[in-house]
$ cat my_file01.csv   # CSV, C-alpha atoms
chain,number,residue,atom,x,y,z
O,147,MET,CA,12.2,-21.2,-5.5
O,148,VAL,CA,13.2,-17.5,-5.4
O,149,THR,CA,16.4,-16.9,-3.6
O,150,VAL,CA,15.8,-14.5,-0.6
O,151,ASN,CA,18.6,-12.9,1.3
O,152,LYS,CA,17.7,-11.6,4.8
O,153,LEU,CA,20.0,-8.7,5.6
O,154,GLY,CA,18.8,-8.5,9.2
O,155,ILE,CA,17.4,-5.8,11.5
O,156,LEU,CA,17.6,-2.2,10.4
O,157,LEU,CA,15.8,-0.4,13.2
O,158,GLN,CA,14.8,-1.3,16.7
O,159,LYS,CA,13.0,0.5,19.5
O,160,THR,CA,14.8,3.1,21.5
O,161,THR,CA,14.5,4.8,24.9
O,162,ASN,CA,12.5,7.6,23.3
O,163,ARG,CA,9.1,7.5,24.7
O,164,PHE,CA,7.2,7.5,21.4
O,165,GLU,CA,9.0,4.3,20.2
O,166,SER,CA,9.8,2.6,23.5
O,167,GLU,CA,7.6,-0.4,22.7
O,168,GLY,CA,8.5,-1.1,19.1
O,169,VAL,CA,9.2,0.2,15.6
O,170,LEU,CA,7.6,-1.6,12.6
O,171,ASN,CA,5.9,-1.6,9.2
O,172,PRO,CA,7.7,1.3,7.4
O,173,ALA,CA,6.8,3.3,4.3
O,174,VAL,CA,9.9,3.7,2.1
O,175,ILE,CA,10.7,5.8,-0.8
O,176,LYS,CA,14.0,6.9,-2.6
O,177,ALA,CA,14.5,10.5,-3.7
O,178,GLY,CA,17.8,11.2,-5.3
O,179,ASN,CA,20.5,9.4,-3.3
O,180,THR,CA,18.5,9.3,-0.1
O,181,ILE,CA,16.1,6.6,1.1
O,182,HIS,CA,13.3,8.0,3.3
O,183,LEU,CA,11.8,5.8,6.0
O,184,PHE,CA,8.4,6.6,7.6
O,185,TYR,CA,7.8,4.0,10.3
O,186,ARG,CA,5.1,3.1,12.8
O,187,ALA,CA,6.5,3.9,16.3
O,188,VAL,CA,4.7,2.4,19.3
O,189,THR,CA,4.6,3.5,22.9
O,190,LYS,CA,2.7,2.0,25.8
O,191,ASP,CA,-1.0,1.0,25.4
O,192,ASN,CA,-0.4,0.4,21.6
O,193,TYR,CA,-0.4,4.2,20.9
O,194,SER,CA,1.2,4.8,17.5
O,195,THR,CA,2.8,7.7,15.7
O,196,ILE,CA,4.9,7.9,12.6
O,197,GLY,CA,8.7,8.2,13.1
O,198,TYR,CA,11.2,9.2,10.4
O,199,CYS,CA,14.8,8.4,9.4
O,200,LYS,CA,17.0,8.9,6.4
O,201,LEU,CA,19.2,6.1,4.9
O,202,SER,CA,22.3,6.9,2.9
O,203,ALA,CA,22.2,3.3,1.6
O,204,PRO,CA,19.6,0.5,1.9
O,205,MET,CA,21.0,-0.7,5.3
O,206,VAL,CA,22.8,2.5,6.5
O,207,VAL,CA,21.0,4.9,8.8
O,208,GLN,CA,22.2,8.5,8.1
O,209,SER,CA,19.9,10.3,10.7
O,210,ARG,CA,16.9,9.5,12.8
O,211,ASN,CA,14.4,11.9,14.4
O,212,ASP,CA,14.0,11.6,18.1
O,213,THR,CA,10.4,12.9,18.0
O,214,PRO,CA,7.4,11.7,15.9
O,215,LEU,CA,7.0,13.2,12.4
O,216,LEU,CA,3.3,12.7,12.4
O,217,PHE,CA,1.1,12.2,15.4
O,218,PRO,CA,-2.7,12.1,16.3
O,219,GLN,CA,-4.3,15.5,15.8
O,220,SER,CA,-8.0,14.6,15.2
O,221,PRO,CA,-10.5,12.3,16.8
O,222,TYR,CA,-10.4,9.8,13.9
O,223,GLU,CA,-6.8,9.0,14.7
O,224,PHE,CA,-6.8,9.5,18.5
O,225,GLN,CA,-5.3,6.1,19.3
O,226,GLY,CA,-2.7,6.3,16.6
O,227,LEU,CA,-1.3,6.4,13.1
O,228,GLU,CA,-0.4,2.9,11.9
O,229,ASP,CA,1.4,1.1,9.1
O,230,PRO,CA,2.2,3.9,6.6
O,231,ARG,CA,2.9,3.4,2.9
O,232,ILE,CA,4.2,6.0,0.4
O,233,VAL,CA,4.2,6.7,-3.3
O,234,LYS,CA,5.0,9.8,-5.5
O,235,ILE,CA,2.4,10.6,-8.1
O,236,GLU,CA,3.4,13.4,-10.4
O,237,ASP,CA,4.8,16.1,-8.1
O,238,THR,CA,3.1,15.0,-4.9
O,239,TYR,CA,3.9,12.4,-2.2
O,240,TYR,CA,1.0,10.4,-1.0
O,241,LEU,CA,1.4,8.9,2.5
O,242,THR,CA,-1.4,6.5,3.5
O,243,TYR,CA,-1.8,5.0,6.9
O,244,THR,CA,-4.4,3.4,9.2
O,245,ALA,CA,-6.1,5.9,11.5
O,246,PHE,CA,-7.2,4.2,14.7
O,247,ASN,CA,-9.5,5.9,17.2
O,248,GLY,CA,-9.8,3.0,19.7
O,249,THR,CA,-12.8,1.6,17.9
O,250,ASN,CA,-12.3,2.0,14.2
O,251,ALA,CA,-9.3,1.3,12.0
O,252,LEU,CA,-9.7,3.2,8.6
O,253,GLY,CA,-7.4,4.3,5.8
O,254,ALA,CA,-6.3,7.9,5.8
O,255,LEU,CA,-4.1,10.1,3.7
O,256,ALA,CA,-1.5,12.8,4.1
O,257,ILE,CA,0.2,14.6,1.2
O,258,SER,CA,3.5,16.5,0.7
O,259,LYS,CA,5.5,18.2,-1.9
O,260,ASP,CA,8.8,18.0,-0.1
O,261,LEU,CA,8.6,15.0,2.4
O,262,VAL,CA,8.9,17.6,5.2
O,263,HIS,CA,5.6,19.5,5.4
O,264,TRP,CA,2.5,17.3,5.4
O,265,GLU,CA,-1.2,18.1,4.9
O,266,LYS,CA,-3.6,15.5,6.3
O,267,LYS,CA,-6.6,14.9,4.1
O,268,GLY,CA,-8.4,12.6,6.6
O,269,ILE,CA,-10.1,9.3,6.1
O,270,ILE,CA,-10.7,8.5,2.4
O,271,VAL,CA,-12.1,5.0,2.7
O,272,PRO,CA,-15.8,4.5,3.5
O,273,ARG,CA,-17.2,4.9,7.0
O,274,ILE,CA,-19.8,2.2,6.7
O,275,THR,CA,-21.3,-0.2,9.2
O,276,TYR,CA,-21.3,-3.9,8.7
O,277,GLU,CA,-25.0,-3.9,8.3
O,278,GLU,CA,-24.8,-1.2,5.5
O,279,PHE,CA,-21.9,-3.1,3.9
O,280,LYS,CA,-24.0,-6.3,3.9
O,281,HIS,CA,-27.0,-4.5,2.5
O,282,PHE,CA,-25.2,-3.2,-0.5
O,283,ALA,CA,-22.8,-6.1,-1.1
O,284,GLU,CA,-25.6,-8.6,-1.1
O,285,SER,CA,-27.8,-6.7,-3.5
O,286,LYS,CA,-26.5,-9.0,-6.3
O,287,GLY,CA,-25.8,-12.1,-4.3
O,288,THR,CA,-24.6,-13.5,-1.0
O,289,ILE,CA,-21.2,-12.5,0.3
O,290,HIS,CA,-18.6,-15.0,1.4
O,291,ASP,CA,-19.0,-16.4,4.9
O,292,LYS,CA,-15.5,-15.1,5.8
O,293,TYR,CA,-16.8,-11.5,5.5
O,294,VAL,CA,-19.3,-12.3,8.2
O,295,ARG,CA,-16.6,-13.9,10.4
O,296,PHE,CA,-14.1,-11.1,10.2
O,297,ASN,CA,-16.4,-8.0,10.0
O,298,ASN,CA,-19.7,-8.7,11.8
O,299,TYR,CA,-18.3,-7.2,15.1
O,300,PRO,CA,-20.3,-7.5,18.3
O,301,LYS,CA,-22.3,-4.5,19.3
O,302,SER,CA,-20.2,-4.2,22.4
O,303,ARG,CA,-17.6,-2.5,20.2
O,304,ASP,CA,-19.8,0.5,19.9
O,305,LYS,CA,-18.9,3.3,22.4
O,306,GLN,CA,-21.1,6.1,23.6
O,307,ASP,CA,-19.5,8.6,21.2
O,308,GLN,CA,-18.2,6.3,18.6
O,309,LYS,CA,-20.1,4.2,16.0
O,310,SER,CA,-18.5,1.0,14.9
O,311,PHE,CA,-17.5,0.9,11.2
O,312,LEU,CA,-16.2,-1.8,8.9
O,313,TRP,CA,-12.4,-1.9,9.4
O,314,ASP,CA,-10.7,-0.9,6.1
O,315,LYS,CA,-6.9,-1.0,6.3
O,316,ASN,CA,-3.8,-1.3,4.0
O,317,LEU,CA,-4.7,1.7,1.9
O,318,ILE,CA,-2.1,1.7,-0.9
O,319,PHE,CA,-2.0,4.0,-4.0
O,320,PHE,CA,-0.5,2.9,-7.3
O,321,PRO,CA,2.6,5.0,-7.9
O,322,ARG,CA,1.2,6.6,-11.1
O,323,LYS,CA,-2.1,7.4,-12.6
O,324,ILE,CA,-3.5,4.9,-15.2
O,325,ASP,CA,-5.2,6.7,-18.0
O,326,ASN,CA,-5.1,9.9,-15.9
O,327,LYS,CA,-7.0,8.2,-13.1
O,328,PHE,CA,-6.1,7.3,-9.5
O,329,TYR,CA,-6.0,3.6,-8.6
O,330,PHE,CA,-5.6,2.3,-5.0
O,331,MET,CA,-5.9,-1.0,-3.1
O,332,HIS,CA,-7.4,-1.4,0.3
O,333,ARG,CA,-8.4,-4.4,2.5
O,334,ILE,CA,-11.6,-5.4,4.0
O,335,LYS,CA,-10.9,-8.9,5.4
O,336,PRO,CA,-10.3,-11.5,4.0
O,337,ASP,CA,-9.4,-10.1,0.5
O,338,ILE,CA,-7.6,-7.2,-1.2
O,339,GLN,CA,-10.0,-4.9,-3.1
O,340,LEU,CA,-9.2,-2.3,-5.8
O,341,VAL,CA,-10.6,1.1,-6.3
O,342,GLU,CA,-10.0,2.3,-9.9
O,343,LYS,CA,-10.6,5.2,-12.3
O,344,VAL,CA,-10.9,7.9,-9.7
O,345,GLU,CA,-10.5,11.3,-11.4
O,346,LYS,CA,-10.0,13.2,-8.2
O,347,LEU,CA,-10.2,12.2,-4.6
O,348,GLU,CA,-13.1,14.5,-3.9
O,349,ASP,CA,-15.1,12.0,-6.0
O,350,LEU,CA,-15.0,9.4,-3.1
O,351,THR,CA,-18.4,10.4,-1.9
O,352,THR,CA,-21.1,8.4,-0.1
O,353,ASP,CA,-22.8,7.8,-3.5
O,354,PHE,CA,-19.5,6.5,-4.9
O,355,TRP,CA,-19.0,4.0,-2.1
O,356,GLN,CA,-22.6,2.8,-2.2
O,357,ASN,CA,-22.2,2.1,-5.9
O,358,TYR,CA,-18.8,0.5,-5.2
O,359,PHE,CA,-20.3,-1.9,-2.6
O,360,SER,CA,-23.3,-2.8,-4.7
O,361,ARG,CA,-20.8,-4.4,-7.1
O,362,PHE,CA,-18.4,-5.5,-4.4
O,363,ASP,CA,-17.4,-8.9,-6.0
O,364,GLU,CA,-16.1,-7.1,-9.1
O,365,ASN,CA,-13.7,-5.0,-6.9
O,366,ILE,CA,-11.9,-8.0,-5.3
O,367,VAL,CA,-8.5,-8.1,-6.9
O,368,LEU,CA,-6.8,-10.8,-4.8
O,369,SER,CA,-8.3,-13.5,-2.6
O,370,PRO,CA,-6.6,-16.2,-0.4
O,371,LYS,CA,-5.6,-19.1,-2.6
O,372,HIS,CA,-2.7,-21.1,-1.2
O,373,HIS,CA,-2.1,-22.7,2.2
O,374,HIS,CA,0.2,-19.9,3.5
O,375,GLU,CA,-2.5,-17.3,2.9
O,376,VAL,CA,-5.6,-19.4,3.6
O,377,SER,CA,-6.9,-17.3,6.5
O,378,TYR,CA,-6.7,-13.8,4.9
O,379,ILE,CA,-4.4,-11.5,2.9
O,380,GLY,CA,-3.7,-7.8,2.9
O,381,GLY,CA,-1.7,-5.2,1.0
O,382,GLY,CA,2.0,-4.9,1.5
O,383,CYS,CA,4.4,-2.7,-0.5
O,384,PRO,CA,3.1,-0.2,-3.1
O,385,PRO,CA,2.9,-1.8,-6.6
O,386,ILE,CA,6.1,-1.9,-8.5
O,387,GLU,CA,5.8,-1.3,-12.2
O,388,THR,CA,7.7,-3.8,-14.4
O,389,THR,CA,7.5,-4.8,-18.0
O,390,ASP,CA,5.7,-8.0,-17.0
O,391,GLY,CA,3.0,-6.2,-14.9
O,392,TRP,CA,2.5,-4.6,-11.6
O,393,LEU,CA,4.5,-6.5,-9.0
O,394,ILE,CA,2.5,-6.8,-5.8
O,395,ILE,CA,4.3,-7.8,-2.6
O,396,TYR,CA,1.6,-8.5,-0.1
O,397,HIS,CA,1.1,-10.3,3.2
O,398,GLY,CA,-0.6,-13.7,3.6
O,399,VAL,CA,-1.8,-15.2,6.8
O,400,HIS,CA,-2.5,-18.7,7.9
O,401,ASP,CA,-3.7,-20.1,11.3
O,402,THR,CA,-1.7,-22.6,13.3
O,403,VAL,CA,-1.8,-24.1,16.8
O,404,LYS,CA,0.6,-21.3,17.8
O,405,GLY,CA,-1.6,-18.6,16.3
O,406,TYR,CA,-1.5,-16.7,13.0
O,407,VAL,CA,1.7,-16.7,10.8
O,408,TYR,CA,2.3,-13.7,8.5
O,409,SER,CA,4.3,-14.2,5.4
O,410,ALA,CA,5.5,-12.0,2.5
O,411,CYS,CA,3.9,-13.1,-0.8
O,412,ALA,CA,4.1,-12.0,-4.5
O,413,ALA,CA,1.7,-11.6,-7.4
O,414,LEU,CA,1.5,-9.8,-10.8
O,415,LEU,CA,-1.3,-7.6,-12.0
O,416,ASP,CA,-2.0,-6.4,-15.5
O,417,LEU,CA,-0.4,-3.0,-16.2
O,418,LYS,CA,-3.4,-1.5,-18.1
O,419,ASN,CA,-6.1,-3.4,-16.1
O,420,PRO,CA,-4.8,-4.0,-12.5
O,421,GLN,CA,-8.1,-5.8,-11.8
O,422,LYS,CA,-6.7,-8.7,-13.8
O,423,GLU,CA,-4.3,-11.1,-11.9
O,424,LEU,CA,-1.6,-12.5,-14.1
O,425,ALA,CA,0.5,-14.7,-11.8
O,426,ARG,CA,1.1,-15.6,-8.2
O,427,LEU,CA,3.7,-17.5,-6.3
O,428,PRO,CA,2.3,-20.7,-4.9
O,429,TYR,CA,4.5,-20.4,-1.8
O,430,PRO,CA,5.6,-17.6,0.5
O,431,LEU,CA,8.3,-15.2,-0.8
O,432,PHE,CA,9.6,-15.4,2.7
O,433,PHE,CA,8.2,-16.2,6.1
O,434,PRO,CA,9.1,-16.0,9.8
O,435,GLU,CA,12.2,-18.2,10.5
O,436,LYS,CA,14.7,-16.0,12.3
O,437,GLU,CA,14.4,-15.5,16.1
O,438,TRP,CA,13.7,-11.8,15.6
O,439,GLU,CA,10.8,-12.7,13.3
O,440,ILE,CA,9.4,-15.4,15.5
O,441,GLU,CA,9.4,-13.6,18.9
O,442,GLY,CA,8.1,-10.1,19.5
O,443,GLU,CA,5.0,-8.1,20.3
O,444,VAL,CA,3.1,-10.4,17.9
O,445,ASN,CA,5.0,-13.7,17.2
O,446,ASN,CA,5.6,-15.1,13.7
O,447,VAL,CA,5.3,-12.0,11.6
O,448,CYS,CA,6.9,-10.8,8.4
O,449,PHE,CA,4.9,-7.8,7.3
O,450,PRO,CA,6.2,-6.1,4.1
O,451,THR,CA,5.3,-2.5,3.6
O,452,GLY,CA,8.0,-0.8,1.5
O,453,ALA,CA,10.5,-1.6,-1.2
O,454,VAL,CA,13.4,0.1,-3.1
O,455,LEU,CA,14.7,-1.1,-6.4
O,456,ASP,CA,18.5,-0.8,-7.0
O,457,ASP,CA,19.4,-2.1,-10.5
O,458,ASP,CA,18.2,-5.8,-10.2
O,459,THR,CA,18.1,-5.9,-6.4
O,460,LEU,CA,14.7,-5.4,-4.7
O,461,TYR,CA,15.1,-4.3,-1.1
O,462,ILE,CA,12.0,-5.2,0.9
O,463,TYR,CA,11.5,-3.5,4.2
O,464,TYR,CA,9.2,-5.3,6.7
O,465,GLY,CA,8.0,-5.4,10.2
O,466,ALA,CA,9.4,-8.4,12.1
O,467,ALA,CA,7.3,-9.7,14.9
O,468,ASP,CA,5.7,-6.3,15.4
O,469,ARG,CA,8.8,-5.0,17.2
O,470,ARG,CA,11.5,-4.2,14.8
O,471,ILE,CA,12.2,-3.3,11.1
O,472,ALA,CA,14.2,-5.7,8.9
O,473,VAL,CA,15.2,-5.9,5.3
O,474,ALA,CA,15.3,-8.7,2.7
O,475,THR,CA,16.5,-8.7,-0.9
O,476,VAL,CA,15.5,-10.6,-4.0
O,477,SER,CA,16.6,-10.4,-7.6
O,478,LEU,CA,13.8,-8.7,-9.5
O,479,LYS,CA,14.6,-10.7,-12.7
O,480,GLU,CA,14.5,-14.0,-10.8
O,481,LEU,CA,11.3,-13.1,-9.1
O,482,LEU,CA,9.6,-12.1,-12.3
O,483,ALA,CA,10.8,-15.3,-14.0
O,484,GLU,CA,9.4,-17.4,-11.2
O,485,LEU,CA,6.1,-15.6,-11.4
O,486,THR,CA,5.8,-16.2,-15.1
O,487,LEU,CA,6.1,-19.9,-14.4
O,488,ASN,CA,3.0,-19.6,-12.2
O,489,LYS,CA,0.6,-17.7,-14.4
O,490,ILE,CA,-3.1,-17.8,-13.5
$ encode --input "my_file01.csv" --output "structure tokens"
Amino acid sequence: MVTVNKLGILLQKTTNRFESEGVLNPAVIKAGNTIHLFYRAVTKDNYSTIGYCKLSAPMVVQSRNDTPLLFPQSPYEFQGLEDPRIVKIEDTYYLTYTAFNGTNALGALAISKDLVHWEKKGIIVPRITYEEFKHFAESKGTIHDKYVRFNNYPKSRDKQDQKSFLWDKNLIFFPRKIDNKFYFMHRIKPDIQLVEKVEKLEDLTTDFWQNYFSRFDENIVLSPKHHHEVSYIGGGCPPIETTDGWLIIYHGVHDTVKGYVYSACAALLDLKNPQKELARLPYPLFFPEKEWEIEGEVNNVCFPTGAVLDDDTLYIYYGAADRRIAVATVSLKELLAELTLNKI
């Protein structure tokens, strides 16, 4: 078993209106000696914006904005910006988040050169109905029953001015191009899918996505396998490049009599071909056990979304019970050694 040290709560909600109901699920990146934290801030009625703070050390808050850094500006994100992740590719920062308009939850992107000024690029995942998805995905066979269970929404979700699309969340870029191409993960329940070999983001056209879904099975990179992730899985922290492969810290979910339990999980993907899974822990990396992970807006949640590596220590930042932000550490060397004992 990998040794996990839970350092405790880093951020909690404040009396500021935009984060008065909770703070959770942060994007984290280190630039120089500063750790930048972009977190989901929630006010009443589950209305989310992205807050920001600086850390001078992994558990030391240097400064914290008292207003949102990013907030809804367009109809596609009218109800909020949720669960950001961040990477730097070449000279540009890519901040991805889930844009929610009250009906649809879809992966969107903002970019920056300096972590201060941001340009929103809009939704970059497909806007496709379940019927359209089913049509293309079943062109070469039947899709798994779980895709029907999680994604065949009742027509009542359609609103007069809003069409109901397939929810596509947990949009996460790889932190560098592979063979000069973009790679990113996304999640249509219950699996994690991979988009690969994208030369430029403008190539993500309707034709691209129709072709992608017509070979949908080939694009599933991780599926639920063990008991702690049997219900569904989803992306967590951006991939971490190691000599053994891309380290993927993701979340796994299983159902209990008390509801869903969200745990942090770990797997390895091939460096040159991330579609190939190399190893996976057969048990959760960590799971809800502290009071502040068990009780909150959503009980029993450890939801990892950002990580910083300091020598051999991997700091994992996660949402705890959808109300607060906490930090756990593991030895990278120990985690990789354990993963190599559990090769696929």
$ residues_around --input "my_file01.csv" --residues "O:Phe359" --least-positions-apart "3" --cutoff "7 Å" --atoms "only C-alpha atoms" --output "ChimeraX atom specification"
/O:279,282-283,355-356,362
$ atom_distance --input "my_file01.csv" --atom1 "atom CA of O:Val376" --atom2 "atom CA of O:Glu423"
17.6 Å
$ residues_around --input "my_file01.csv" --residues "O:Val476" --least-positions-apart "5" --cutoff "6 Å" --atoms "all atoms listed in the file" --output "list in words"
Val150, Thr459 and Leu460 of chain O
$ closest_atom_pairs --input "my_file01.csv" --of "stretch 301-385 of chain O" --to "stretch 437-457 of chain O" --cutoff "10 Å" --atoms "only C-alpha atoms" --output "tab-separated table"
residue	atom	partner	partner_atom	distance
O:Asn316	CA	O:Thr451	CA	9.2
O:Ile318	CA	O:Thr451	CA	9.6
O:Gly380	CA	O:Phe449	CA	9.7
O:Gly381	CA	O:Thr451	CA	7.9
O:Gly382	CA	O:Thr451	CA	4.6
O:Cys383	CA	O:Thr451	CA	4.2
O:Pro384	CA	O:Gly452	CA	6.7
O:Pro385	CA	O:Ala453	CA	9.3
$ write_last_selection --input "my_file01.csv" --atoms "C-alpha atoms" --output "PDB file, keeping the file's coordinate frame"
ATOM      1  CA  ASN O 316      -3.800  -1.300   4.000  1.00  0.00           C
ATOM      2  CA  ILE O 318      -2.100   1.700  -0.900  1.00  0.00           C
ATOM      3  CA  GLY O 380      -3.700  -7.800   2.900  1.00  0.00           C
ATOM      4  CA  GLY O 381      -1.700  -5.200   1.000  1.00  0.00           C
ATOM      5  CA  GLY O 382       2.000  -4.900   1.500  1.00  0.00           C
ATOM      6  CA  CYS O 383       4.400  -2.700  -0.500  1.00  0.00           C
ATOM      7  CA  PRO O 384       3.100  -0.200  -3.100  1.00  0.00           C
ATOM      8  CA  PRO O 385       2.900  -1.800  -6.600  1.00  0.00           C
TER       9      PRO O 385
END
$ residues_around --input "my_file01.csv" --residues "stretch 265-273 of chain O" --least-positions-apart "3" --cutoff "7 Å" --atoms "all atoms listed in the file" --output "VMD selection string"
chain O and resid 252 to 258 311 314 355
$ closest_residue --input "my_file01.csv" --among "O:Ile324, O:Leu317, O:Ala467, O:Met331" --to "O:Glu345" --atoms "only C-alpha atoms"
O:Ile324
$ closest_residue --input "my_file01.csv" --among "O:Pro204, O:His372, O:Glu342, O:Thr402" --to "O:Tyr329" --atoms "all atoms listed in the file"
O:Glu342
$ residues_around --input "my_file01.csv" --residues "O:Glu375" --least-positions-apart "4" --cutoff "6 Å" --atoms "only C-alpha atoms" --output "ChimeraX atom specification"
/O:370,398-400
$ build_atoms --input "my_file01.csv" --residues "stretch 368-390 of chain O" --atoms "N, CA and C atoms" --output "JSON list (two decimals), in the frame of the given file"
[["chain", "number", "residue", "atom", "x", "y", "z"],
["O", 368, "LEU", "N", -7.50, -9.61, -5.24],
["O", 368, "LEU", "CA", -6.80, -10.80, -4.80],
["O", 368, "LEU", "C", -7.52, -11.43, -3.62],
["O", 369, "SER", "N", -7.64, -12.75, -3.65],
["O", 369, "SER", "CA", -8.30, -13.50, -2.60],
["O", 369, "SER", "C", -7.31, -14.59, -2.10],
["O", 370, "PRO", "N", -7.45, -15.06, -0.86],
["O", 370, "PRO", "CA", -6.60, -16.20, -0.40],
["O", 370, "PRO", "C", -6.74, -17.37, -1.34],
["O", 371, "LYS", "N", -5.61, -17.98, -1.63],
["O", 371, "LYS", "CA", -5.60, -19.10, -2.60],
["O", 371, "LYS", "C", -4.80, -20.27, -2.11],
["O", 372, "HIS", "N", -3.61, -20.02, -1.59],
["O", 372, "HIS", "CA", -2.70, -21.10, -1.20],
["O", 372, "HIS", "C", -2.69, -21.24, 0.34],
["O", 373, "HIS", "N", -2.08, -22.33, 0.79],
["O", 373, "HIS", "CA", -2.10, -22.70, 2.20],
["O", 373, "HIS", "C", -1.56, -21.56, 3.10],
["O", 374, "HIS", "N", -0.45, -20.94, 2.68],
["O", 374, "HIS", "CA", 0.20, -19.90, 3.50],
["O", 374, "HIS", "C", -0.60, -18.65, 3.65],
["O", 375, "GLU", "N", -1.68, -18.50, 2.88],
["O", 375, "GLU", "CA", -2.50, -17.30, 2.90],
["O", 375, "GLU", "C", -3.98, -17.64, 3.10],
["O", 376, "VAL", "N", -4.26, -18.84, 3.59],
["O", 376, "VAL", "CA", -5.60, -19.40, 3.60],
["O", 376, "VAL", "C", -6.56, -18.59, 4.52],
["O", 377, "SER", "N", -6.03, -17.99, 5.58],
["O", 377, "SER", "CA", -6.90, -17.30, 6.50],
["O", 377, "SER", "C", -7.35, -15.93, 5.96],
["O", 378, "TYR", "N", -6.38, -15.09, 5.58],
["O", 378, "TYR", "CA", -6.70, -13.80, 4.90],
["O", 378, "TYR", "C", -5.42, -13.24, 4.35],
["O", 379, "ILE", "N", -5.58, -12.24, 3.49],
["O", 379, "ILE", "CA", -4.40, -11.50, 2.90],
["O", 379, "ILE", "C", -4.65, -10.04, 3.06],
["O", 380, "GLY", "N", -3.59, -9.27, 2.79],
["O", 380, "GLY", "CA", -3.70, -7.80, 2.90],
["O", 380, "GLY", "C", -2.55, -7.18, 2.09],
["O", 381, "GLY", "N", -2.70, -5.92, 1.77],
["O", 381, "GLY", "CA", -1.70, -5.20, 1.00],
["O", 381, "GLY", "C", -0.37, -5.12, 1.74],
["O", 382, "GLY", "N", 0.70, -4.99, 0.97],
["O", 382, "GLY", "CA", 2.00, -4.90, 1.50],
["O", 382, "GLY", "C", 2.73, -3.63, 1.02],
["O", 383, "CYS", "N", 3.67, -3.81, 0.09],
["O", 383, "CYS", "CA", 4.40, -2.70, -0.50],
["O", 383, "CYS", "C", 3.55, -2.05, -1.61],
["O", 384, "PRO", "N", 3.77, -0.77, -1.90],
["O", 384, "PRO", "CA", 3.10, -0.20, -3.10],
["O", 384, "PRO", "C", 3.49, -0.96, -4.34],
["O", 385, "PRO", "N", 2.59, -1.02, -5.32],
["O", 385, "PRO", "CA", 2.90, -1.80, -6.60],
["O", 385, "PRO", "C", 4.15, -1.25, -7.24],
["O", 386, "ILE", "N", 4.88, -2.19, -7.82],
["O", 386, "ILE", "CA", 6.10, -1.90, -8.50],
["O", 386, "ILE", "C", 5.91, -2.16, -10.00],
["O", 387, "GLU", "N", 6.09, -1.14, -10.81],
["O", 387, "GLU", "CA", 5.80, -1.30, -12.20],
["O", 387, "GLU", "C", 7.00, -2.00, -12.92],
["O", 388, "THR", "N", 6.70, -3.08, -13.64],
["O", 388, "THR", "CA", 7.70, -3.80, -14.40],
["O", 388, "THR", "C", 7.15, -4.07, -15.80],
["O", 389, "THR", "N", 7.99, -4.53, -16.69],
["O", 389, "THR", "CA", 7.50, -4.80, -18.00],
["O", 389, "THR", "C", 6.55, -5.98, -18.07],
["O", 390, "ASP", "N", 6.57, -6.82, -17.04],
["O", 390, "ASP", "CA", 5.70, -8.00, -17.00],
["O", 390, "ASP", "C", 4.35, -7.68, -16.29]]
